[in-house]
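Visitor: File name query15.pdb; file contents PDB, C-alpha atoms and all ligand atoms; full text below.
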ATOM      1  CA  MET D 111     102.668  78.935  67.553
ATOM      2  CA  ILE D 112     106.395  78.463  67.830
ATOM      3  CA  THR D 113     107.917  78.033  71.289
ATOM      4  CA  ILE D 114     111.343  79.606  71.621
ATOM      5  CA  ARG D 115     113.576  78.957  74.606
ATOM      6  CA  THR D 116     117.111  79.757  73.505
ATOM      7  CA  LEU D 117     118.874  82.819  72.118
ATOM      8  CA  ALA D 118     119.968  80.823  69.080
ATOM      9  CA  GLU D 119     116.386  79.817  68.239
ATOM     10  CA  LEU D 120     115.215  83.386  68.716
ATOM     11  CA  ALA D 121     117.961  84.766  66.477
ATOM     12  CA  ALA D 122     117.130  82.200  63.781
ATOM     13  CA  GLN D 123     113.425  83.066  63.883
ATOM     14  CA  ARG D 124     114.062  86.808  64.018
ATOM     15  CA  ALA D 125     116.101  86.591  60.825
ATOM     16  CA  ARG D 126     113.047  85.107  59.075
ATOM     17  CA  TRP D 127     110.456  87.553  60.374
ATOM     18  CA  PRO D 128     109.652  90.855  58.638
ATOM     19  CA  GLN D 129     110.400  94.161  60.326
ATOM     20  CA  ASP D 130     106.765  94.444  61.405
ATOM     21  CA  VAL D 131     106.818  92.519  64.674
ATOM     22  CA  GLY D 132     104.503  93.403  67.580
ATOM     23  CA  PHE D 133     105.781  92.327  71.002
ATOM     24  CA  ILE D 134     104.103  91.754  74.366
ATOM     25  CA  PRO D 135     106.443  91.147  77.318
ATOM     26  CA  THR D 136     104.750  89.443  80.298
ATOM     27  CA  MET D 137     105.513  87.531  83.468
ATOM     28  CA  GLY D 138     102.846  84.943  82.705
ATOM     29  CA  GLY D 139      99.810  84.136  84.830
ATOM     30  CA  LEU D 140      97.991  85.440  81.784
ATOM     31  CA  HIS D 141      94.509  86.942  82.085
ATOM     32  CA  GLU D 142      92.227  89.064  79.912
ATOM     33  CA  GLY D 143      94.358  92.150  80.589
ATOM     34  CA  HIS D 144      97.344  90.506  78.925
ATOM     35  CA  MET D 145      95.124  89.225  76.142
ATOM     36  CA  ALA D 146      93.927  92.756  75.373
ATOM     37  CA  LEU D 147      97.551  93.644  74.595
ATOM     38  CA  VAL D 148      97.870  90.526  72.449
ATOM     39  CA  ARG D 149      94.720  91.405  70.491
ATOM     40  CA  ARG D 150      95.897  94.961  69.884
ATOM     41  CA  ALA D 151      99.199  93.640  68.564
ATOM     42  CA  ARG D 152      97.469  90.977  66.449
ATOM     43  CA  GLU D 153      95.340  93.638  64.729
ATOM     44  CA  ALA D 154      98.359  95.760  63.885
ATOM     45  CA  HIS D 155     101.330  93.540  62.985
ATOM     46  CA  GLU D 156     102.374  90.823  60.591
ATOM     47  CA  VAL D 157     104.106  88.849  63.326
ATOM     48  CA  VAL D 158     103.190  88.828  67.020
ATOM     49  CA  VAL D 159     105.641  87.649  69.656
ATOM     50  CA  ALA D 160     104.954  87.368  73.390
ATOM     51  CA  SER D 161     107.422  86.580  76.138
ATOM     52  CA  VAL D 162     106.795  84.944  79.496
ATOM     53  CA  TYR D 163     109.596  85.525  81.981
ATOM     54  CA  VAL D 164     109.339  86.074  85.736
ATOM     55  CA  ASN D 165     112.174  88.541  86.012
ATOM     56  CA  PRO D 166     114.032  88.086  89.311
ATOM     57  CA  LEU D 167     115.701  91.483  88.950
ATOM     58  CA  GLN D 168     112.463  93.390  89.483
ATOM     59  CA  PHE D 169     111.520  91.691  92.758
ATOM     60  CA  GLY D 170     112.794  92.972  96.103
ATOM     61  CA  PRO D 171     114.302  90.469  98.564
ATOM     62  CA  ALA D 172     111.105  90.450 100.669
ATOM     63  CA  GLU D 173     108.777  90.283  97.666
ATOM     64  CA  ASP D 174     106.828  87.450  96.039
ATOM     65  CA  PHE D 175     109.298  86.137  93.424
ATOM     66  CA  ALA D 176     109.094  82.523  94.681
ATOM     67  CA  ALA D 177     105.308  82.599  95.077
ATOM     68  CA  TYR D 178     104.578  84.358  91.767
ATOM     69  CA  PRO D 179     102.152  82.218  89.715
ATOM     70  CA  ARG D 180     103.875  80.111  87.054
ATOM     71  CA  THR D 181     101.354  78.661  84.622
ATOM     72  CA  GLU D 182     103.408  78.083  81.480
ATOM     73  CA  ASP D 183     101.193  75.472  79.793
ATOM     74  CA  VAL D 184      97.972  77.421  80.290
ATOM     75  CA  ASP D 185      99.703  80.634  79.199
ATOM     76  CA  CYS D 186     100.960  79.015  75.992
ATOM     77  CA  ASP D 187      97.463  77.660  75.228
ATOM     78  CA  LYS D 188      95.971  81.133  75.625
ATOM     79  CA  LEU D 189      98.613  82.722  73.397
ATOM     80  CA  ALA D 190      98.183  80.038  70.723
ATOM     81  CA  GLN D 191      94.382  80.526  70.838
ATOM     82  CA  ALA D 192      94.944  84.237  70.256
ATOM     83  CA  SER D 193      97.001  83.482  67.109
ATOM     84  CA  VAL D 194     100.322  84.608  68.531
ATOM     85  CA  ASP D 195     103.105  83.525  66.187
ATOM     86  CA  ALA D 196     105.786  82.826  68.769
ATOM     87  CA  VAL D 197     106.269  82.749  72.514
ATOM     88  CA  PHE D 198     109.704  83.356  74.000
ATOM     89  CA  LEU D 199     110.224  81.489  77.286
ATOM     90  CA  PRO D 200     113.783  82.402  78.199
ATOM     91  CA  THR D 201     115.840  80.942  81.002
ATOM     92  CA  ASP D 202     117.668  83.219  83.446
ATOM     93  CA  ALA D 203     120.885  82.376  81.584
ATOM     94  CA  ALA D 204     119.409  83.640  78.305
ATOM     95  CA  ILE D 205     118.385  86.947  79.852
ATOM     96  CA  TYR D 206     121.387  87.424  82.153
ATOM     97  CA  PRO D 207     124.212  85.438  80.542
ATOM     98  CA  ARG D 208     126.836  87.315  82.586
ATOM     99  CA  GLY D 209     124.860  86.825  85.771
ATOM    100  CA  ARG D 210     122.456  89.298  87.269
ATOM    101  CA  GLU D 211     125.150  91.353  88.944
ATOM    102  CA  SER D 212     127.400  91.730  85.917
ATOM    103  CA  GLN D 213     124.834  92.370  83.225
ATOM    104  CA  THR D 214     124.478  95.934  81.894
ATOM    105  CA  GLN D 215     121.730  97.697  83.820
ATOM    106  CA  VAL D 216     119.385 100.334  82.473
ATOM    107  CA  ARG D 217     117.984 102.989  84.804
ATOM    108  CA  VAL D 218     115.643 105.852  84.079
ATOM    109  CA  PRO D 219     116.574 108.351  86.798
ATOM    110  CA  GLY D 220     113.962 110.340  88.688
ATOM    111  CA  LEU D 221     110.853 108.675  87.321
ATOM    112  CA  SER D 222     112.050 105.294  88.627
ATOM    113  CA  GLU D 223     112.542 106.517  92.185
ATOM    114  CA  ASP D 224     109.159 108.217  92.437
ATOM    115  CA  LEU D 225     105.737 106.750  93.439
ATOM    116  CA  CYS D 226     106.100 102.923  93.433
ATOM    117  CA  GLY D 227     109.870 103.326  93.089
ATOM    118  CA  ARG D 228     109.994 104.824  96.562
ATOM    119  CA  TYR D 229     108.451 101.701  98.055
ATOM    120  CA  ARG D 230     110.130  99.160  95.754
ATOM    121  CA  PRO D 231     113.761 100.281  95.465
ATOM    122  CA  GLY D 232     115.419  98.789  92.384
ATOM    123  CA  HIS D 233     112.120  97.533  90.962
ATOM    124  CA  PHE D 234     111.937  99.761  87.906
ATOM    125  CA  GLU D 235     115.637  99.310  87.222
ATOM    126  CA  GLY D 236     114.883  95.594  87.042
ATOM    127  CA  VAL D 237     112.023  96.300  84.645
ATOM    128  CA  THR D 238     113.963  98.604  82.325
ATOM    129  CA  THR D 239     116.958  96.270  82.324
ATOM    130  CA  VAL D 240     114.900  93.253  81.248
ATOM    131  CA  VAL D 241     112.728  95.179  78.767
ATOM    132  CA  ALA D 242     115.801  96.755  77.143
ATOM    133  CA  ARG D 243     117.316  93.307  76.673
ATOM    134  CA  LEU D 244     114.066  91.817  75.355
ATOM    135  CA  LEU D 245     113.654  94.696  72.894
ATOM    136  CA  GLY D 246     117.210  94.144  71.719
ATOM    137  CA  LEU D 247     116.631  90.425  71.212
ATOM    138  CA  VAL D 248     113.167  90.567  69.619
ATOM    139  CA  GLN D 249     113.675  93.842  67.729
ATOM    140  CA  PRO D 250     109.966  94.660  67.540
ATOM    141  CA  ARG D 251     108.466  97.591  65.694
ATOM    142  CA  ALA D 252     106.039  98.078  68.595
ATOM    143  CA  CYS D 253     105.854  96.887  72.183
ATOM    144  CA  TYR D 254     102.478  96.747  73.982
ATOM    145  CA  MET D 255     102.282  97.733  77.646
ATOM    146  CA  GLY D 256      99.283  97.987  79.975
ATOM    147  CA  LYS D 257      98.279 101.288  81.521
ATOM    148  CA  LYS D 258      97.408  99.299  84.613
ATOM    149  CA  ASP D 259     101.127  99.593  85.366
ATOM    150  CA  TYR D 260     101.030 103.246  84.479
ATOM    151  CA  GLN D 261     104.390 104.286  85.865
ATOM    152  CA  GLN D 262     106.072 101.250  84.279
ATOM    153  CA  TRP D 263     104.574 102.190  80.889
ATOM    154  CA  ARG D 264     105.808 105.776  81.154
ATOM    155  CA  ILE D 265     109.271 104.679  82.333
ATOM    156  CA  VAL D 266     109.701 102.203  79.478
ATOM    157  CA  ALA D 267     108.551 104.831  76.970
ATOM    158  CA  ARG D 268     111.115 107.258  78.441
ATOM    159  CA  MET D 269     113.850 104.617  78.212
ATOM    160  CA  VAL D 270     113.062 103.933  74.551
ATOM    161  CA  GLU D 271     113.131 107.656  73.812
ATOM    162  CA  ASP D 272     116.384 108.224  75.717
ATOM    163  CA  LEU D 273     118.154 105.263  74.103
ATOM    164  CA  GLY D 274     116.767 106.032  70.643
ATOM    165  CA  LEU D 275     115.432 102.502  70.272
ATOM    166  CA  PRO D 276     113.481 101.846  67.062
ATOM    167  CA  THR D 277     110.395 100.533  68.893
ATOM    168  CA  THR D 278     107.099 102.334  69.503
ATOM    169  CA  ILE D 279     105.708 101.815  72.998
ATOM    170  CA  VAL D 280     101.923 101.459  72.879
ATOM    171  CA  GLY D 281      99.904 101.930  76.091
ATOM    172  CA  VAL D 282      96.719  99.853  76.320
ATOM    173  CA  ASP D 283      93.753 100.686  78.566
ATOM    174  CA  THR D 284      93.309  98.672  81.742
ATOM    175  CA  VAL D 285      90.981  95.685  81.580
ATOM    176  CA  ARG D 286      88.743  95.477  84.661
ATOM    177  CA  GLU D 287      86.265  93.156  86.248
ATOM    178  CA  GLU D 288      82.688  94.409  86.291
ATOM    179  CA  SER D 289      83.347  95.482  89.883
ATOM    180  CA  GLY D 290      86.010  97.876  88.622
ATOM    181  CA  LEU D 291      88.895  95.803  89.985
ATOM    182  CA  ALA D 292      91.825  95.862  87.557
ATOM    183  CA  LEU D 293      92.747  92.366  86.421
ATOM    184  CA  SER D 294      96.107  91.374  87.867
ATOM    185  CA  THR D 295      97.987  88.119  88.241
ATOM    186  CA  ARG D 296      98.438  89.054  91.908
ATOM    187  CA  ASN D 297      94.650  89.084  92.469
ATOM    188  CA  ALA D 298      95.056  85.314  92.802
ATOM    189  CA  TYR D 299      96.647  85.980  96.212
ATOM    190  CA  LEU D 300      93.494  87.631  97.578
ATOM    191  CA  ALA D 301      91.348  85.748 100.069
ATOM    192  CA  GLU D 302      87.601  85.829  99.455
ATOM    193  CA  ALA D 303      86.864  88.706 101.826
ATOM    194  CA  GLN D 304      89.752  90.736 100.348
ATOM    195  CA  ARG D 305      88.490  90.077  96.845
ATOM    196  CA  SER D 306      85.194  91.762  97.634
ATOM    197  CA  GLN D 307      87.075  94.708  99.171
ATOM    198  CA  ALA D 308      89.639  95.149  96.407
ATOM    199  CA  PRO D 309      87.272  97.004  93.990
ATOM    200  CA  ASP D 310      87.081  99.864  96.526
ATOM    201  CA  LEU D 311      90.552 100.943  95.409
ATOM    202  CA  TYR D 312      89.384 101.937  91.923
ATOM    203  CA  GLN D 313      86.155 103.377  93.322
ATOM    204  CA  ILE D 314      88.154 105.676  95.616
ATOM    205  CA  LEU D 315      90.435 106.763  92.769
ATOM    206  CA  THR D 316      87.381 107.506  90.628
ATOM    207  CA  GLU D 317      85.878 109.654  93.379
ATOM    208  CA  GLY D 318      89.244 111.337  93.928
ATOM    209  CA  ALA D 319      89.436 112.250  90.246
ATOM    210  CA  GLU D 320      85.905 113.679  90.421
ATOM    211  CA  ARG D 321      86.864 115.857  93.383
ATOM    212  CA  VAL D 322      89.898 117.211  91.518
ATOM    213  CA  VAL D 323      87.636 118.050  88.587
ATOM    214  CA  ALA D 324      85.306 119.790  91.051
ATOM    215  CA  GLY D 325      88.234 122.001  92.095
ATOM    216  CA  VAL D 326      89.357 120.451  95.388
ATOM    217  CA  ALA D 327      93.100 120.956  96.080
ATOM    218  CA  LEU D 328      95.260 117.994  95.031
ATOM    219  CA  ASP D 329      96.852 117.476  98.449
ATOM    220  CA  HIS D 330      93.414 117.405 100.068
ATOM    221  CA  VAL D 331      92.183 114.833  97.601
ATOM    222  CA  GLU D 332      95.279 112.677  98.072
ATOM    223  CA  ALA D 333      95.034 112.803 101.879
ATOM    224  CA  ALA D 334      91.289 112.073 101.843
ATOM    225  CA  CYS D 335      91.805 109.050  99.560
ATOM    226  CA  MET D 336      94.532 107.757 101.885
ATOM    227  CA  GLU D 337      92.191 108.067 104.874
ATOM    228  CA  ARG D 338      89.332 106.320 103.085
ATOM    229  CA  LEU D 339      91.600 103.472 102.037
ATOM    230  CA  LYS D 340      92.819 103.058 105.615
ATOM    231  CA  ALA D 341      89.242 103.126 106.928
ATOM    232  CA  LEU D 342      88.360 100.326 104.520
ATOM    233  CA  GLY D 343      91.226  98.127 105.718
ATOM    234  CA  PHE D 344      93.867  98.903 103.085
ATOM    235  CA  ALA D 345      97.435  99.840 104.019
ATOM    236  CA  PRO D 346      98.120 102.457 101.334
ATOM    237  CA  ASP D 347     101.662 103.354 100.266
ATOM    238  CA  TYR D 348     100.542 106.446  98.396
ATOM    239  CA  VAL D 349      97.779 108.178  96.496
ATOM    240  CA  ALA D 350      99.058 110.814  94.063
ATOM    241  CA  VAL D 351      97.601 113.074  91.406
ATOM    242  CA  ARG D 352     100.116 113.663  88.623
ATOM    243  CA  ARG D 353     100.432 115.008  85.127
ATOM    244  CA  ALA D 354      99.544 112.105  82.822
ATOM    245  CA  GLY D 355     102.350 112.585  80.280
ATOM    246  CA  ASP D 356     105.377 112.572  82.564
ATOM    247  CA  LEU D 357     104.032 111.951  86.079
ATOM    248  CA  ALA D 358     105.312 115.363  87.215
ATOM    249  CA  ILE D 359     103.491 117.325  89.927
ATOM    250  CA  PRO D 360     100.667 119.088  88.059
ATOM    251  CA  GLN D 361     100.830 122.820  87.446
ATOM    252  CA  ALA D 362      97.656 124.901  87.415
ATOM    253  CA  ALA D 363      97.522 124.855  83.603
ATOM    254  CA  ASP D 364      97.847 121.066  83.295
ATOM    255  CA  SER D 365      94.593 119.413  82.290
ATOM    256  CA  GLU D 366      95.602 115.806  81.425
ATOM    257  CA  LEU D 367      96.019 114.154  84.800
ATOM    258  CA  VAL D 368      96.191 110.715  86.376
ATOM    259  CA  ILE D 369      95.458 109.652  89.928
ATOM    260  CA  LEU D 370      97.575 106.686  91.015
ATOM    261  CA  ALA D 371      97.689 104.544  94.124
ATOM    262  CA  ALA D 372      99.401 101.562  95.676
ATOM    263  CA  ALA D 373      97.826  99.869  98.669
ATOM    264  CA  ARG D 374      98.252  96.587 100.442
ATOM    265  CA  LEU D 375      95.323  94.384 101.290
ATOM    266  CA  GLY D 376      96.773  91.878 103.702
ATOM    267  CA  ARG D 377     100.014  90.773 102.036
ATOM    268  CA  THR D 378      98.892  91.600  98.511
ATOM    269  CA  ARG D 379     100.087  94.885  97.053
ATOM    270  CA  LEU D 380      97.557  96.325  94.614
ATOM    271  CA  ILE D 381      98.176  99.224  92.251
ATOM    272  CA  ASP D 382      95.701 101.106  90.129
ATOM    273  CA  ASN D 383      95.177 104.464  88.462
ATOM    274  CA  ARG D 384      92.715 106.497  86.476
ATOM    275  CA  GLU D 385      93.420 109.071  83.773
ATOM    276  CA  PHE D 386      91.162 112.114  83.703
ATOM    277  CA  ARG D 387      90.851 115.682  82.412
ATOM    278  CA  ARG D 388      90.111 118.790  84.397
TER     279      ARG D 388
HETATM  280  P1  LIG Z 401     102.824  91.377  83.885
HETATM  281  O1  LIG Z 401     102.690  89.969  83.403
HETATM  282  O2  LIG Z 401     102.074  91.649  85.153
HETATM  283  O3  LIG Z 401     104.253  91.857  83.912
HETATM  284  O4  LIG Z 401     102.098  92.263  82.798
HETATM  285  C1  LIG Z 401     102.471  92.199  81.446
HETATM  286  C2  LIG Z 401     101.815  93.337  80.715
HETATM  287  O5  LIG Z 401     100.397  93.214  80.821
HETATM  288  C3  LIG Z 401     102.190  94.705  81.317
HETATM  289  O6  LIG Z 401     102.397  95.625  80.264
HETATM  290  C4  LIG Z 401     100.968  95.037  82.123
HETATM  291  O7  LIG Z 401     100.770  96.424  82.289
HETATM  292  C5  LIG Z 401      99.872  94.436  81.282
HETATM  293  N1  LIG Z 401      98.662  94.241  82.097
HETATM  294  C6  LIG Z 401      98.567  93.593  83.274
HETATM  295  N2  LIG Z 401      97.314  93.667  83.754
HETATM  296  C7  LIG Z 401      96.595  94.381  82.865
HETATM  297  C8  LIG Z 401      95.230  94.821  82.791
HETATM  298  N3  LIG Z 401      94.351  94.525  83.747
HETATM  299  N4  LIG Z 401      94.852  95.551  81.719
HETATM  300  C9  LIG Z 401      95.743  95.853  80.741
HETATM  301  N5  LIG Z 401      97.040  95.474  80.754
HETATM  302  C10 LIG Z 401      97.463  94.754  81.792
END
If you took the structure in this file and wrote it as structure tokens, what would it be?
Ligand code: AMP

Guide:
Amino acid sequence: MITIRTLAELAAQRARWPQDVGFIPTMGGLHEGHMALVRRAREAHEVVVASVYVNPLQFGPAEDFAAYPRTEDVDCDKLAQASVDAVFLPTDAAIYPRGRESQTQVRVPGLSEDLCGRYRPGHFEGVTTVVARLLGLVQPRACYMGKKDYQQWRIVARMVEDLGLPTTIVGVDTVREESGLALSTRNAYLAEAQRSQAPDLYQILTEGAERVVAGVALDHVEAACMERLKALGFAPDYVAVRRAGDLAIPQAADSELVILAAARLGRTRLIDNREFRR
């Protein structure tokens, strides 16, 4: 596996690679969820490139940028084991050469201010700005994103469509522990007691989806899930049932839905979701 740190090295490698590059952008702290994206890309493309970059632009001032796990050596070992061809480990200067304030920003209006965007102002703008730049630098045929970050996946797909970028965004199913807990780098923050509680989030979303299928009104389901989360010791930001394709409020005729939630357990903010049909 080649390790690439500079724009010049990346440009030189890119010129040698075929068009068929599969790309997996990450913030490191790699786990089996990330590796599922890597494996999907490995099956489908001649060249597979991953990036590890903890993007300061997508963290709020009170968020965990400084504490975010940085495990570069272990991450590179895992990527090499998975037969990734190259890992891009950019510096801030490579991603934001003009400085964070002066760099061109990319914003997907509406979708970025909804759901998690309401509680993390500027977060998705940070995500779309960095992903747009990474797609421009790596020029992949396909980019693999986890459905665990469902809203992020839909926003990036919208950005690619709106900008006419020549990359296909592929959504990959969430990898979970046996308990149902979605794998997340941030799970490392959970204390032991919180770790045994965290699987309740997905359990409650699963039950919520079942109640929607059974015909219970969406606002009742959302409110009941919020109450159950609170009773179990979570501090939920939201629980929402949305149309899967565009995260709009579902109309009566919509059958492809997703129930999404964000909830804090102590200082750790967990997100999860479940797609379902009614
Ligand atoms: P992150 O390093 O958290 O920015 O995640 C990098 C990519 O891995 C994103 O597209 C995530 O959605 C994806 N990802 C993270 N956790 C999981 C998981 N448990 N299952 C599938 N994909 C995941």

Visitor: Please identify every polymer residue within 6 Å of ligand LIG 401 (chain Z), using all atoms listed in the file, and present the set as a list in words.

Guide: Pro135, Thr136, Met137, Gly138, Gly143, His144, Met255, Gly256, Lys257, Lys258, Asp259, Asp283, Thr284, Val285, Arg286, Ala292, Leu293 and Ser294 of chain D

Visitor: Which residues are close to Ser161 (chain D), i.e. within 12 Å by only C-alpha atoms, leaving aside same-chain residues fewer than 2 positions away? Reply as a PDB file with C-alpha atoms, in the coordinates of the input.

Guide:
ATOM      1  CA  ILE D 112     106.395  78.463  67.830  1.00  0.00           C
ATOM      2  CA  THR D 113     107.917  78.033  71.289  1.00  0.00           C
ATOM      3  CA  ILE D 114     111.343  79.606  71.621  1.00  0.00           C
ATOM      4  CA  ARG D 115     113.576  78.957  74.606  1.00  0.00           C
ATOM      5  CA  LEU D 120     115.215  83.386  68.716  1.00  0.00           C
ATOM      6  CA  GLY D 132     104.503  93.403  67.580  1.00  0.00           C
ATOM      7  CA  PHE D 133     105.781  92.327  71.002  1.00  0.00           C
ATOM      8  CA  ILE D 134     104.103  91.754  74.366  1.00  0.00           C
ATOM      9  CA  PRO D 135     106.443  91.147  77.318  1.00  0.00           C
ATOM     10  CA  THR D 136     104.750  89.443  80.298  1.00  0.00           C
ATOM     11  CA  MET D 137     105.513  87.531  83.468  1.00  0.00           C
ATOM     12  CA  GLY D 138     102.846  84.943  82.705  1.00  0.00           C
ATOM     13  CA  GLY D 139      99.810  84.136  84.830  1.00  0.00           C
ATOM     14  CA  LEU D 140      97.991  85.440  81.784  1.00  0.00           C
ATOM     15  CA  HIS D 144      97.344  90.506  78.925  1.00  0.00           C
ATOM     16  CA  VAL D 148      97.870  90.526  72.449  1.00  0.00           C
ATOM     17  CA  VAL D 158     103.190  88.828  67.020  1.00  0.00           C
ATOM     18  CA  VAL D 159     105.641  87.649  69.656  1.00  0.00           C
ATOM     19  CA  TYR D 163     109.596  85.525  81.981  1.00  0.00           C
ATOM     20  CA  VAL D 164     109.339  86.074  85.736  1.00  0.00           C
ATOM     21  CA  ASN D 165     112.174  88.541  86.012  1.00  0.00           C
ATOM     22  CA  GLU D 182     103.408  78.083  81.480  1.00  0.00           C
ATOM     23  CA  ASP D 185      99.703  80.634  79.199  1.00  0.00           C
ATOM     24  CA  CYS D 186     100.960  79.015  75.992  1.00  0.00           C
ATOM     25  CA  LEU D 189      98.613  82.722  73.397  1.00  0.00           C
ATOM     26  CA  VAL D 194     100.322  84.608  68.531  1.00  0.00           C
ATOM     27  CA  ASP D 195     103.105  83.525  66.187  1.00  0.00           C
ATOM     28  CA  ALA D 196     105.786  82.826  68.769  1.00  0.00           C
ATOM     29  CA  VAL D 197     106.269  82.749  72.514  1.00  0.00           C
ATOM     30  CA  PHE D 198     109.704  83.356  74.000  1.00  0.00           C
ATOM     31  CA  LEU D 199     110.224  81.489  77.286  1.00  0.00           C
ATOM     32  CA  PRO D 200     113.783  82.402  78.199  1.00  0.00           C
ATOM     33  CA  THR D 201     115.840  80.942  81.002  1.00  0.00           C
ATOM     34  CA  ILE D 205     118.385  86.947  79.852  1.00  0.00           C
ATOM     35  CA  VAL D 240     114.900  93.253  81.248  1.00  0.00           C
ATOM     36  CA  VAL D 241     112.728  95.179  78.767  1.00  0.00           C
ATOM     37  CA  ARG D 243     117.316  93.307  76.673  1.00  0.00           C
ATOM     38  CA  LEU D 244     114.066  91.817  75.355  1.00  0.00           C
ATOM     39  CA  LEU D 245     113.654  94.696  72.894  1.00  0.00           C
ATOM     40  CA  LEU D 247     116.631  90.425  71.212  1.00  0.00           C
ATOM     41  CA  VAL D 248     113.167  90.567  69.619  1.00  0.00           C
ATOM     42  CA  CYS D 253     105.854  96.887  72.183  1.00  0.00           C
ATOM     43  CA  TYR D 254     102.478  96.747  73.982  1.00  0.00           C
TER      44      TYR D 254
END

Visitor: With all atoms listed in the file as the counted atoms, please give the residues lying no more than 9 Å from Asn297 (chain D), apart from itself and same-chain residues fewer than 6 positions off, as a ChimeraX atom specification.

Guide: /D:305,308,378,380

Visitor: Give me the result of the PyMOL selection byres (((chain D and resi 381) around 9) and not hetatm) on this file, residue by residue, as a ChimeraX atom specification.

Guide: /D:226,258-259,292,311,370-374,379-380,382-383

Visitor: Figure out the distance between CA of Thr295 (chain D) and CA of Thr238 (chain D), please, to one decimal in Å.

Guide: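 Here the two named atoms are 20.0 Å from each other.
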
Visitor: Using the chain letters and numbering of this document, enumerate as a ChimeraX atom specification the residues selected by the PyMOL selection byres (((chain D and resi 318) around 12) and not hetatm).

Guide: /D:310-317,319-339,349-351,367-371,383-386

Visitor: What's around Asp364 (chain D) at 12 Å? Count only C-alpha atoms, leave out sequence neighbours fewer than 4 positions away in its own chain, and write the answer as a list of chain:residue names.

Guide: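 My reading of the contact set: D:Val323, D:Val351, D:Arg352, D:Arg353, D:Ala354, D:Gly355, D:Asp356, D:Leu357, D:Ala358, D:Ile359, D:Pro360, D:Val368, D:Phe386, D:Arg387, D:Arg388.
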
Visitor: Export C-alpha atoms of the chosen residues as a short mmCIF file (atom, residue, chain, number, x, y, z; two decimals), keeping the file's coordinate frame?

Guide:
data_model
loop_
_atom_site.label_atom_id
_atom_site.label_comp_id
_atom_site.auth_asym_id
_atom_site.auth_seq_id
_atom_site.Cartn_x
_atom_site.Cartn_y
_atom_site.Cartn_z
CA VAL D 323 87.64 118.05 88.59
CA VAL D 351 97.60 113.07 91.41
CA ARG D 352 100.12 113.66 88.62
CA ARG D 353 100.43 115.01 85.13
CA ALA D 354 99.54 112.10 82.82
CA GLY D 355 102.35 112.58 80.28
CA ASP D 356 105.38 112.57 82.56
CA LEU D 357 104.03 111.95 86.08
CA ALA D 358 105.31 115.36 87.22
CA ILE D 359 103.49 117.32 89.93
CA PRO D 360 100.67 119.09 88.06
CA VAL D 368 96.19 110.72 86.38
CA PHE D 386 91.16 112.11 83.70
CA ARG D 387 90.85 115.68 82.41
CA ARG D 388 90.11 118.79 84.40
#
